[in-house]
Amino acid sequence: MTVGTSRPAAREGALVGRGAGASAGHAAPGTGVPGIDPDDLPDGLVVAGEDGRVVCFNTAAERLTAVPRAEALGRPLEQALPLEDLKGRRWWALTDPYGGLAIRGGQPERNLLLPGNREVLVAARYVRDEPLGPVRKVVVTLRGTEARRRTERSHAELIATVAHELRSPLTSVKGFTATLLAKWERFTDDQKRLMLETVDADANRVTRLIAELLDISRIDSGRLEVRRQPVDISAAVGRHIQAHTARGQSPDRFFVRVRRPLPDLWADPDKIDQVLGNLLENAVRHGEGTVTIEVAPTGPYDDEKGTAVTVSDEGPGIPEESMGRVFTRFWRGSKRGGTGLGLYIVKGIVEAHGGTITVGRGPAGGAQFRFTLPVGAPSYLT
């Protein structure tokens, strides 16, 4: 964030010396946008002039530091903002923005402490009129640490979940393989087959978990690739139902309704299979009664032309108070099991296609998931 390029100091003080007092029609220093007020900024903003005294202290800075603006304005920066590093050393004495090396342009964001051991994220920029010239002002941004702490907690939970989910199948694989290697001749062919089938199932479980972790990493970093091809989504639904019936589900458990004509759909077939597989698996495992799958063109209330898929069951449904958390990491329904990552990944895949997904209550009272996919375009055109 750059506040103030070269402009007379007196004019600058008139604009920011009031602590976000840019009047309507004036641009806040450095923004170049009329009507932008430092108090409108979501982060704390503190600006010290060439004499080291504070000339701007916005509302967010007041909130984060618990220092009134009137008390901060005009004071030396190190007094208005008495920061220490995590080892208890005074920050401004260490960095010496006005008297330090002339090649420095500022300080990267880091955790620092305010009085009372309150943590804030602080970044600074040293503004000079010319390279290697004296510092004309120091611009400091402040942010709370809550968002970063939530992210760190989420990462810690992910690591703990992965460790727990990996331990069980890997212990099983290790146990069965060690037993077979040590006592191969003592087992019958049927016993050997059962053990190897168990090892194979546990290896598949580990593979799925690793695939989920890779998907989460790509979703969180915005690197989830979508390779668009023509997709017959009604045929894809049929394949998933056949897979469930082959595993013992009754064909009568499923009811499919396709409303034609459907628009052409260009999507990533593997990822759409992943979405359908997760939603149908949840409906079968956690729901009851008939699982209804409807495939139809999007309606007048949808944002774009495309295809809408609705999956609903006749079970108890999802409590109203939980619906806002369904697509978050580690959410699990009333029946435990799984990593709680599937619906988070489903949402990421749908949104990577430019679509939306919602959850609600179906006509029979069970859970109802509806996702839309815009028509899209082939990968070679995107």
# chains A, B, ... in the order shown; residues from 1 in each chain; ligands from 1
call {"tool": "select_by_dssp", "arguments": {"residues": "range 192-307 of chain A", "states": "strand (DSSP E or B)", "output": "NGL selection string"}}
result
:A and (229-230 or 254-258 or 266-267 or 291-297 or 306-307)
call {"tool": "closest_residue", "arguments": {"among": "A:Asn282, A:Thr198, A:Thr141, A:Gln79", "to": "Gln107 in chain A", "atoms": "only C-alpha atoms"}}
result
A:Thr141
call {"tool": "residues_around", "arguments": {"residues": "Pro316 in chain A", "least_positions_apart": "4", "cutoff": "12 Å", "atoms": "only C-alpha atoms", "output": "list in words"}}
result
Ala283, His286, Gly287, Glu288, Gly289, Ser312, Glu320, Gly333, Ser334, Lys335, Gly360, Arg361, Gly362, Pro363, Ala364, Gly365, Gly366, Ala367 and Gln368 of chain A
call {"tool": "write_last_selection", "arguments": {"atoms": "N, CA and C atoms", "output": "mmCIF file, in the first residue's frame"}}
result
data_model
loop_
_atom_site.group_PDB
_atom_site.id
_atom_site.type_symbol
_atom_site.label_atom_id
_atom_site.label_comp_id
_atom_site.auth_asym_id
_atom_site.auth_seq_id
_atom_site.Cartn_x
_atom_site.Cartn_y
_atom_site.Cartn_z
ATOM 1 N N ALA A 283 -25.411 -39.530 -0.065
ATOM 2 C CA ALA A 283 -26.853 -39.795 -0.028
ATOM 3 C C ALA A 283 -27.141 -41.240 0.345
ATOM 4 N N HIS A 286 -25.500 -41.735 4.264
ATOM 5 C CA HIS A 286 -26.074 -40.953 5.363
ATOM 6 C C HIS A 286 -27.576 -40.732 5.233
ATOM 7 N N GLY A 287 -28.124 -40.907 4.033
ATOM 8 C CA GLY A 287 -29.547 -40.700 3.834
ATOM 9 C C GLY A 287 -30.341 -41.994 3.948
ATOM 10 N N GLU A 288 -31.601 -41.884 3.681
ATOM 11 C CA GLU A 288 -32.497 -43.041 3.728
ATOM 12 C C GLU A 288 -33.445 -42.964 2.540
ATOM 13 N N GLY A 289 -34.164 -44.077 2.318
ATOM 14 C CA GLY A 289 -35.183 -44.095 1.274
ATOM 15 C C GLY A 289 -34.602 -43.941 -0.118
ATOM 16 N N SER A 312 -30.963 -35.678 -3.921
ATOM 17 C CA SER A 312 -31.696 -35.584 -2.656
ATOM 18 C C SER A 312 -32.042 -36.979 -2.155
ATOM 19 N N GLU A 320 -30.630 -27.348 10.402
ATOM 20 C CA GLU A 320 -30.523 -25.985 9.886
ATOM 21 C C GLU A 320 -29.266 -25.289 10.390
ATOM 22 N N GLY A 333 -21.372 -35.293 9.130
ATOM 23 C CA GLY A 333 -22.775 -35.366 9.544
ATOM 24 C C GLY A 333 -22.908 -36.116 10.855
ATOM 25 N N SER A 334 -24.115 -36.545 11.128
ATOM 26 C CA SER A 334 -24.381 -37.237 12.394
ATOM 27 C C SER A 334 -23.673 -38.583 12.462
ATOM 28 N N LYS A 335 -23.464 -39.211 11.290
ATOM 29 C CA LYS A 335 -22.745 -40.481 11.249
ATOM 30 C C LYS A 335 -21.274 -40.195 11.008
ATOM 31 N N GLY A 360 -29.709 -27.832 0.958
ATOM 32 C CA GLY A 360 -31.001 -27.478 1.549
ATOM 33 C C GLY A 360 -31.738 -28.743 1.955
ATOM 34 N N ARG A 361 -33.035 -28.604 2.107
ATOM 35 C CA ARG A 361 -33.877 -29.737 2.493
ATOM 36 C C ARG A 361 -34.706 -30.162 1.295
ATOM 37 N N GLY A 362 -34.694 -31.461 1.009
ATOM 38 C CA GLY A 362 -35.408 -31.993 -0.141
ATOM 39 C C GLY A 362 -36.904 -32.084 0.090
ATOM 40 N N PRO A 363 -37.668 -32.414 -0.956
ATOM 41 C CA PRO A 363 -39.123 -32.514 -0.836
ATOM 42 C C PRO A 363 -39.564 -33.537 0.207
ATOM 43 N N ALA A 364 -38.766 -34.616 0.392
ATOM 44 C CA ALA A 364 -39.124 -35.653 1.357
ATOM 45 C C ALA A 364 -38.479 -35.419 2.720
ATOM 46 N N GLY A 365 -37.835 -34.286 2.897
ATOM 47 C CA GLY A 365 -37.250 -33.942 4.188
ATOM 48 C C GLY A 365 -35.787 -34.248 4.344
ATOM 49 N N GLY A 366 -35.201 -34.973 3.400
ATOM 50 C CA GLY A 366 -33.789 -35.306 3.502
ATOM 51 C C GLY A 366 -32.891 -34.190 3.001
ATOM 52 N N ALA A 367 -31.602 -34.492 2.924
ATOM 53 C CA ALA A 367 -30.643 -33.510 2.418
ATOM 54 C C ALA A 367 -30.777 -33.375 0.912
ATOM 55 N N GLN A 368 -30.602 -32.164 0.416
ATOM 56 C CA GLN A 368 -30.661 -31.918 -1.027
ATOM 57 C C GLN A 368 -29.482 -31.038 -1.423
#
call {"tool": "atom_distance", "arguments": {"atom1": "CA of Asp43 in chain A", "atom2": "CA of Leu64 in chain A"}}
result
9.0 Å
call {"tool": "atom_distance", "arguments": {"atom1": "CA of Arg247 in chain A", "atom2": "CA of Leu196 in chain A"}}
result
19.1 Å
call {"tool": "residues_around", "arguments": {"residues": "Pro108 in chain A", "least_positions_apart": "3", "cutoff": "12 Å", "atoms": "only C-alpha atoms", "output": "ChimeraX atom specification"}}
result
/A:95,104-105,111-112,121-126,140-142
call {"tool": "write_last_selection", "arguments": {"atoms": "all heavy atoms", "output": "compact mmCIF listing (two decimals), in the first residue's frame"}}
result
# COMPACT_ATOMS: atom_id res chain seq x y z
N THR A 95 15.25 -1.48 13.83
CA THR A 95 15.14 -1.22 12.38
C THR A 95 15.66 0.15 11.99
O THR A 95 16.17 0.32 10.88
CB THR A 95 13.67 -1.36 11.94
OG1 THR A 95 12.85 -0.44 12.70
CG2 THR A 95 13.16 -2.77 12.17
N ARG A 104 17.55 0.40 2.03
CA ARG A 104 16.36 -0.33 2.49
C ARG A 104 15.09 0.39 2.06
O ARG A 104 14.99 1.61 2.16
CB ARG A 104 16.38 -0.49 4.00
CG ARG A 104 17.47 -1.43 4.50
CD ARG A 104 17.35 -1.64 5.99
NE ARG A 104 17.36 -0.37 6.71
CZ ARG A 104 17.08 -0.24 7.99
NH1 ARG A 104 16.75 -1.29 8.71
NH2 ARG A 104 17.11 0.95 8.57
N GLY A 105 14.12 -0.43 1.60
CA GLY A 105 12.85 0.15 1.18
C GLY A 105 11.73 -0.07 2.17
O GLY A 105 10.62 0.42 1.97
N ASN A 111 5.17 -10.77 12.71
CA ASN A 111 4.47 -10.68 13.98
C ASN A 111 5.27 -9.81 14.95
O ASN A 111 6.46 -10.05 15.17
CB ASN A 111 4.31 -12.07 14.60
CG ASN A 111 3.11 -12.81 14.04
OD1 ASN A 111 2.90 -12.79 12.85
ND2 ASN A 111 2.35 -13.45 14.90
N LEU A 112 4.61 -8.80 15.52
CA LEU A 112 5.22 -7.98 16.55
C LEU A 112 4.23 -7.83 17.71
O LEU A 112 3.05 -8.18 17.58
CB LEU A 112 5.59 -6.60 15.99
CG LEU A 112 6.67 -6.59 14.89
CD1 LEU A 112 6.85 -5.19 14.35
CD2 LEU A 112 7.99 -7.14 15.41
N LEU A 121 0.26 -7.99 12.99
CA LEU A 121 1.10 -8.18 11.82
C LEU A 121 1.46 -6.81 11.27
O LEU A 121 0.57 -6.00 10.97
CB LEU A 121 0.36 -9.00 10.76
CG LEU A 121 0.01 -10.43 11.18
CD1 LEU A 121 -0.94 -11.06 10.16
CD2 LEU A 121 1.26 -11.28 11.33
N VAL A 122 2.74 -6.53 11.17
CA VAL A 122 3.22 -5.19 10.84
C VAL A 122 4.10 -5.25 9.59
O VAL A 122 4.96 -6.12 9.47
CB VAL A 122 4.03 -4.58 12.00
CG1 VAL A 122 4.50 -3.17 11.65
CG2 VAL A 122 3.20 -4.56 13.28
N ALA A 123 3.85 -4.33 8.66
CA ALA A 123 4.73 -4.14 7.51
C ALA A 123 5.00 -2.64 7.39
O ALA A 123 4.15 -1.82 7.76
CB ALA A 123 4.10 -4.68 6.23
N ALA A 124 6.18 -2.27 6.89
CA ALA A 124 6.53 -0.85 6.77
C ALA A 124 7.18 -0.58 5.43
O ALA A 124 7.86 -1.44 4.86
CB ALA A 124 7.48 -0.44 7.91
N ARG A 125 6.95 0.62 4.92
CA ARG A 125 7.60 1.08 3.70
C ARG A 125 8.24 2.42 3.97
O ARG A 125 7.63 3.31 4.59
CB ARG A 125 6.59 1.20 2.56
CG ARG A 125 7.23 1.72 1.27
CD ARG A 125 6.27 1.65 0.11
NE ARG A 125 6.90 2.26 -1.08
CZ ARG A 125 6.47 3.36 -1.65
NH1 ARG A 125 5.42 3.98 -1.19
NH2 ARG A 125 7.10 3.84 -2.71
N TYR A 126 9.48 2.57 3.52
CA TYR A 126 10.20 3.82 3.69
C TYR A 126 10.13 4.59 2.37
O TYR A 126 10.59 4.12 1.33
CB TYR A 126 11.66 3.57 4.05
CG TYR A 126 11.86 2.66 5.25
CD1 TYR A 126 13.04 1.92 5.39
CD2 TYR A 126 10.88 2.54 6.23
CE1 TYR A 126 13.23 1.09 6.48
CE2 TYR A 126 11.06 1.70 7.31
CZ TYR A 126 12.24 0.98 7.44
OH TYR A 126 12.41 0.15 8.52
N VAL A 140 3.22 2.57 7.69
CA VAL A 140 3.12 1.32 8.43
C VAL A 140 1.70 0.78 8.30
O VAL A 140 0.73 1.53 8.45
CB VAL A 140 3.46 1.52 9.93
CG1 VAL A 140 3.38 0.21 10.68
CG2 VAL A 140 4.83 2.16 10.08
N THR A 141 1.57 -0.50 7.99
CA THR A 141 0.25 -1.15 7.99
C THR A 141 0.19 -2.15 9.12
O THR A 141 1.19 -2.82 9.44
CB THR A 141 -0.02 -1.86 6.65
OG1 THR A 141 0.98 -2.84 6.41
CG2 THR A 141 -0.06 -0.86 5.50
N LEU A 142 -0.97 -2.25 9.72
CA LEU A 142 -1.20 -3.15 10.84
C LEU A 142 -2.39 -4.05 10.53
O LEU A 142 -3.40 -3.61 9.98
CB LEU A 142 -1.52 -2.36 12.11
CG LEU A 142 -0.56 -1.24 12.52
CD1 LEU A 142 -1.16 -0.44 13.67
CD2 LEU A 142 0.78 -1.82 12.93
call {"tool": "atom_distance", "arguments": {"atom1": "CA of Val120 in chain A", "atom2": "CA of Leu77 in chain A"}}
result
16.1 Å
call {"tool": "residues_around", "arguments": {"residues": "Val135 in chain A", "least_positions_apart": "6", "cutoff": "9 Å", "atoms": "only C-alpha atoms", "output": "list in words"}}
result
Gly49, Glu50, Pro97, Tyr98, Gly99, Ala102, Tyr126, Val127, Arg128 and Asp129 of chain A
call {"tool": "select_by_dssp", "arguments": {"residues": "range 4-196 of chain A", "states": "helix (DSSP H, G or I)", "output": "PyMOL selection string"}}
result
chain A and resi 9-16+38-40+59-65+69-72+77-80+91-95+146-186+189-196
